[in-house]
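For reference, the structure is listed below as structure tokens.
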Amino acid sequence: MDTNLEIAFHNMDTQPELETYIRERAEKVEKLFDRLVGMRVAVEATHRQHKTGNVYDVHIELMVPGQDIVVSRKPNKAKERYANPDARTSIRDAFEAAERQLKEYKDKLRRDVKTHDPEQPGRVAQLYPNEDHGFIITNTGTQLYFHRNSCLNVNLDELKTGDPVKYVETAGDTGPTASKVWRAAGSDTELHAS
């Protein structure tokens, strides 16, 4: 597994077979989303009951660009669903919930990135040449980040706030960005034509 994985056991001894199972499930999650930054898994024995056995609370935190996805496997659900819940069952259920939430996150990312014509009109909103980036305001009013390396046939230092530009919008690590930016003709009619 390439992703940074932290595993912790609380109110119980470390169990190598559970740790191995967690690593297997974590690899499966990593295959669902290749931009996963890190993962924390905590297994806690909440209390011991002689009639129903131990009840385990499992917390999984998936660190993804832009936010973290947190899943908590509550022990009361384990009691409702299983006569004798165990740690492996709680871990399995928590990972299944984490996988569902990660798939929803991926779907949301896809829906948030609108498909545009390859040559969208916009204007330079902010420039930070010392930090090698700037922002474009689109014709829909949203801002897109762009890096100095995204500029085509124009140098970032040559651009000014308000300059008309065209761009190609793509999905970046933290949301939509302008992967290519070039100077457009300066007429307002061209900017509002499409």
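Ligands are numbered from 1 in the order shown, chains are lettered A, B, ... in the order of the structure tokens, and residues start at 1 in each chain.
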Within 9 Å of A:Ile7, counting only C-alpha atoms, which residues qualify if same-chain residues fewer than 3 places away don't, as a PDB file with all heavy atoms, in the first residue's frame?
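Saved file out_1.pdb follows:
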ATOM      1  N   GLU A  19      -4.842  -6.384  12.291  1.00  0.00           N
ATOM      2  CA  GLU A  19      -4.011  -5.413  11.579  1.00  0.00           C
ATOM      3  C   GLU A  19      -3.811  -5.842  10.123  1.00  0.00           C
ATOM      4  O   GLU A  19      -3.894  -5.026   9.205  1.00  0.00           O
ATOM      5  CB  GLU A  19      -2.667  -5.256  12.292  1.00  0.00           C
ATOM      6  CG  GLU A  19      -1.895  -4.061  11.810  1.00  0.00           C
ATOM      7  CD  GLU A  19      -0.712  -3.728  12.699  1.00  0.00           C
ATOM      8  OE1 GLU A  19      -0.762  -4.001  13.918  1.00  0.00           O
ATOM      9  OE2 GLU A  19       0.263  -3.178  12.156  1.00  0.00           O
ATOM     10  N   ILE A  22      -7.052  -5.172   8.289  1.00  0.00           N
ATOM     11  CA  ILE A  22      -7.198  -3.740   8.026  1.00  0.00           C
ATOM     12  C   ILE A  22      -6.335  -3.328   6.835  1.00  0.00           C
ATOM     13  O   ILE A  22      -6.775  -2.584   5.958  1.00  0.00           O
ATOM     14  CB  ILE A  22      -6.844  -2.917   9.290  1.00  0.00           C
ATOM     15  CG1 ILE A  22      -7.929  -3.102  10.353  1.00  0.00           C
ATOM     16  CG2 ILE A  22      -6.655  -1.438   8.947  1.00  0.00           C
ATOM     17  CD1 ILE A  22      -7.557  -2.569  11.727  1.00  0.00           C
ATOM     18  N   ARG A  23      -5.104  -3.829   6.767  1.00  0.00           N
ATOM     19  CA  ARG A  23      -4.216  -3.498   5.639  1.00  0.00           C
ATOM     20  C   ARG A  23      -4.793  -4.006   4.314  1.00  0.00           C
ATOM     21  O   ARG A  23      -4.718  -3.316   3.289  1.00  0.00           O
ATOM     22  CB  ARG A  23      -2.821  -4.067   5.863  1.00  0.00           C
ATOM     23  CG  ARG A  23      -2.075  -3.347   6.969  1.00  0.00           C
ATOM     24  CD  ARG A  23      -0.622  -3.787   7.103  1.00  0.00           C
ATOM     25  NE  ARG A  23      -0.010  -3.175   8.266  1.00  0.00           N
ATOM     26  CZ  ARG A  23       0.388  -1.911   8.325  1.00  0.00           C
ATOM     27  NH1 ARG A  23       0.233  -1.128   7.280  1.00  0.00           N
ATOM     28  NH2 ARG A  23       0.930  -1.425   9.430  1.00  0.00           N
ATOM     29  N   MET A  39      -4.634   7.472   5.487  1.00  0.00           N
ATOM     30  CA  MET A  39      -5.764   6.791   6.111  1.00  0.00           C
ATOM     31  C   MET A  39      -5.412   6.484   7.563  1.00  0.00           C
ATOM     32  O   MET A  39      -4.304   6.059   7.855  1.00  0.00           O
ATOM     33  CB  MET A  39      -6.055   5.485   5.355  1.00  0.00           C
ATOM     34  CG  MET A  39      -7.275   4.756   5.840  1.00  0.00           C
ATOM     35  SD  MET A  39      -7.567   3.172   4.978  1.00  0.00           S
ATOM     36  CE  MET A  39      -7.309   3.579   3.273  1.00  0.00           C
ATOM     37  N   ARG A  40      -6.384   6.746   8.443  1.00  0.00           N
ATOM     38  CA  ARG A  40      -6.245   6.386   9.855  1.00  0.00           C
ATOM     39  C   ARG A  40      -7.384   5.444  10.211  1.00  0.00           C
ATOM     40  O   ARG A  40      -8.539   5.721   9.892  1.00  0.00           O
ATOM     41  CB  ARG A  40      -6.337   7.618  10.751  1.00  0.00           C
ATOM     42  CG  ARG A  40      -5.167   8.532  10.659  1.00  0.00           C
ATOM     43  CD  ARG A  40      -5.251   9.639  11.718  1.00  0.00           C
ATOM     44  NE  ARG A  40      -4.220  10.613  11.473  1.00  0.00           N
ATOM     45  CZ  ARG A  40      -4.444  11.848  11.071  1.00  0.00           C
ATOM     46  NH1 ARG A  40      -5.669  12.279  10.888  1.00  0.00           N
ATOM     47  NH2 ARG A  40      -3.448  12.675  10.855  1.00  0.00           N
ATOM     48  N   VAL A  41      -7.059   4.358  10.894  1.00  0.00           N
ATOM     49  CA  VAL A  41      -8.058   3.398  11.342  1.00  0.00           C
ATOM     50  C   VAL A  41      -7.848   3.175  12.833  1.00  0.00           C
ATOM     51  O   VAL A  41      -6.745   2.848  13.262  1.00  0.00           O
ATOM     52  CB  VAL A  41      -7.944   2.053  10.591  1.00  0.00           C
ATOM     53  CG1 VAL A  41      -9.007   1.082  11.075  1.00  0.00           C
ATOM     54  CG2 VAL A  41      -8.043   2.260   9.081  1.00  0.00           C
ATOM     55  N   ALA A  42      -8.904   3.382  13.605  1.00  0.00           N
ATOM     56  CA  ALA A  42      -8.839   3.158  15.055  1.00  0.00           C
ATOM     57  C   ALA A  42      -9.921   2.158  15.436  1.00  0.00           C
ATOM     58  O   ALA A  42     -11.084   2.316  15.077  1.00  0.00           O
ATOM     59  CB  ALA A  42      -9.038   4.461  15.807  1.00  0.00           C
ATOM     60  N   VAL A  43      -9.520   1.103  16.165  1.00  0.00           N
ATOM     61  CA  VAL A  43     -10.448   0.090  16.660  1.00  0.00           C
ATOM     62  C   VAL A  43     -10.457   0.202  18.171  1.00  0.00           C
ATOM     63  O   VAL A  43      -9.412   0.141  18.808  1.00  0.00           O
ATOM     64  CB  VAL A  43     -10.015  -1.335  16.226  1.00  0.00           C
ATOM     65  CG1 VAL A  43     -11.014  -2.367  16.718  1.00  0.00           C
ATOM     66  CG2 VAL A  43      -9.838  -1.413  14.717  1.00  0.00           C
TER      67      VAL A  43
END
Identify all residues of stretch 140-185 of chain A in helix (DSSP H, G or I) (DSSP on the backbone) and supply them as a ChimeraX atom specification.
/A:148-150,156-158
Restricting to only C-alpha atoms, whichever of A:Leu127, A:Ala8, A:Ala45, A:Ala97 is closest to A:Val29 is A:Ala97
Neighbours of stretch 168-170 of chain A within 6 Å (only C-alpha atoms; same-chain residues fewer than 5 positions away dropped), as a PDB file with C-alpha atoms, in the first residue's frame?
ATOM      1  CA  PRO A 118     -11.766  23.922 -25.033  1.00  0.00           C
ATOM      2  CA  PRO A 176     -11.203  22.587 -11.065  1.00  0.00           C
ATOM      3  CA  THR A 177      -8.180  24.454 -12.438  1.00  0.00           C
ATOM      4  CA  ALA A 178      -7.151  26.027 -15.732  1.00  0.00           C
ATOM      5  CA  SER A 179      -4.582  23.658 -17.230  1.00  0.00           C
ATOM      6  CA  LYS A 180      -3.917  25.902 -20.267  1.00  0.00           C
TER       7      LYS A 180
END
Excluding same-chain residues fewer than 5 positions from A:Thr138, what lies within 10 Å of it counting only C-alpha atoms, as a ChimeraX atom specification?
/A:120-125,143-144,165-167,191
Take the residues just selected and output them with N, CA and C atoms as an mmCIF file, in the first residue's frame.
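Once everything was written out, this is selection30.cif:
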data_model
loop_
_atom_site.group_PDB
_atom_site.id
_atom_site.type_symbol
_atom_site.label_atom_id
_atom_site.label_comp_id
_atom_site.auth_asym_id
_atom_site.auth_seq_id
_atom_site.Cartn_x
_atom_site.Cartn_y
_atom_site.Cartn_z
ATOM 1 N N GLN A 120 -12.618 28.538 -23.510
ATOM 2 C CA GLN A 120 -13.563 29.336 -22.731
ATOM 3 C C GLN A 120 -13.051 30.765 -22.576
ATOM 4 N N PRO A 121 -13.943 31.738 -22.687
ATOM 5 C CA PRO A 121 -13.515 33.107 -22.427
ATOM 6 C C PRO A 121 -13.521 33.398 -20.932
ATOM 7 N N GLY A 122 -12.610 34.225 -20.513
ATOM 8 C CA GLY A 122 -12.543 34.635 -19.119
ATOM 9 C C GLY A 122 -11.646 35.846 -19.008
ATOM 10 N N ARG A 123 -11.434 36.296 -17.773
ATOM 11 C CA ARG A 123 -10.545 37.438 -17.532
ATOM 12 C C ARG A 123 -9.632 37.110 -16.356
ATOM 13 N N VAL A 124 -8.438 37.655 -16.393
ATOM 14 C CA VAL A 124 -7.499 37.486 -15.286
ATOM 15 C C VAL A 124 -8.062 38.256 -14.096
ATOM 16 N N ALA A 125 -8.281 37.561 -12.990
ATOM 17 C CA ALA A 125 -8.847 38.188 -11.793
ATOM 18 C C ALA A 125 -7.757 38.594 -10.809
ATOM 19 N N GLN A 143 -14.053 31.293 -10.064
ATOM 20 C CA GLN A 143 -12.620 31.526 -10.193
ATOM 21 C C GLN A 143 -11.894 30.214 -10.407
ATOM 22 N N LEU A 144 -10.914 30.231 -11.283
ATOM 23 C CA LEU A 144 -10.073 29.069 -11.543
ATOM 24 C C LEU A 144 -8.620 29.426 -11.265
ATOM 25 N N VAL A 165 -8.667 36.287 -21.400
ATOM 26 C CA VAL A 165 -7.910 35.071 -21.659
ATOM 27 C C VAL A 165 -8.873 33.944 -22.034
ATOM 28 N N LYS A 166 -8.331 32.952 -22.670
ATOM 29 C CA LYS A 166 -9.059 31.708 -22.909
ATOM 30 C C LYS A 166 -8.333 30.634 -22.119
ATOM 31 N N TYR A 167 -9.045 29.549 -21.806
ATOM 32 C CA TYR A 167 -8.463 28.535 -20.931
ATOM 33 C C TYR A 167 -9.114 27.184 -21.175
ATOM 34 N N LEU A 191 -15.898 37.974 -25.688
ATOM 35 C CA LEU A 191 -15.986 37.356 -24.391
ATOM 36 C C LEU A 191 -17.406 36.908 -24.065
#
As an exercise, work out the distance from atom CA of A:Glu61 to atom CA of A:Tyr105 in Å and give it to one decimal place.
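Atom CA of A:Tyr105 lies 13.6 Å from atom CA of A:Glu61.
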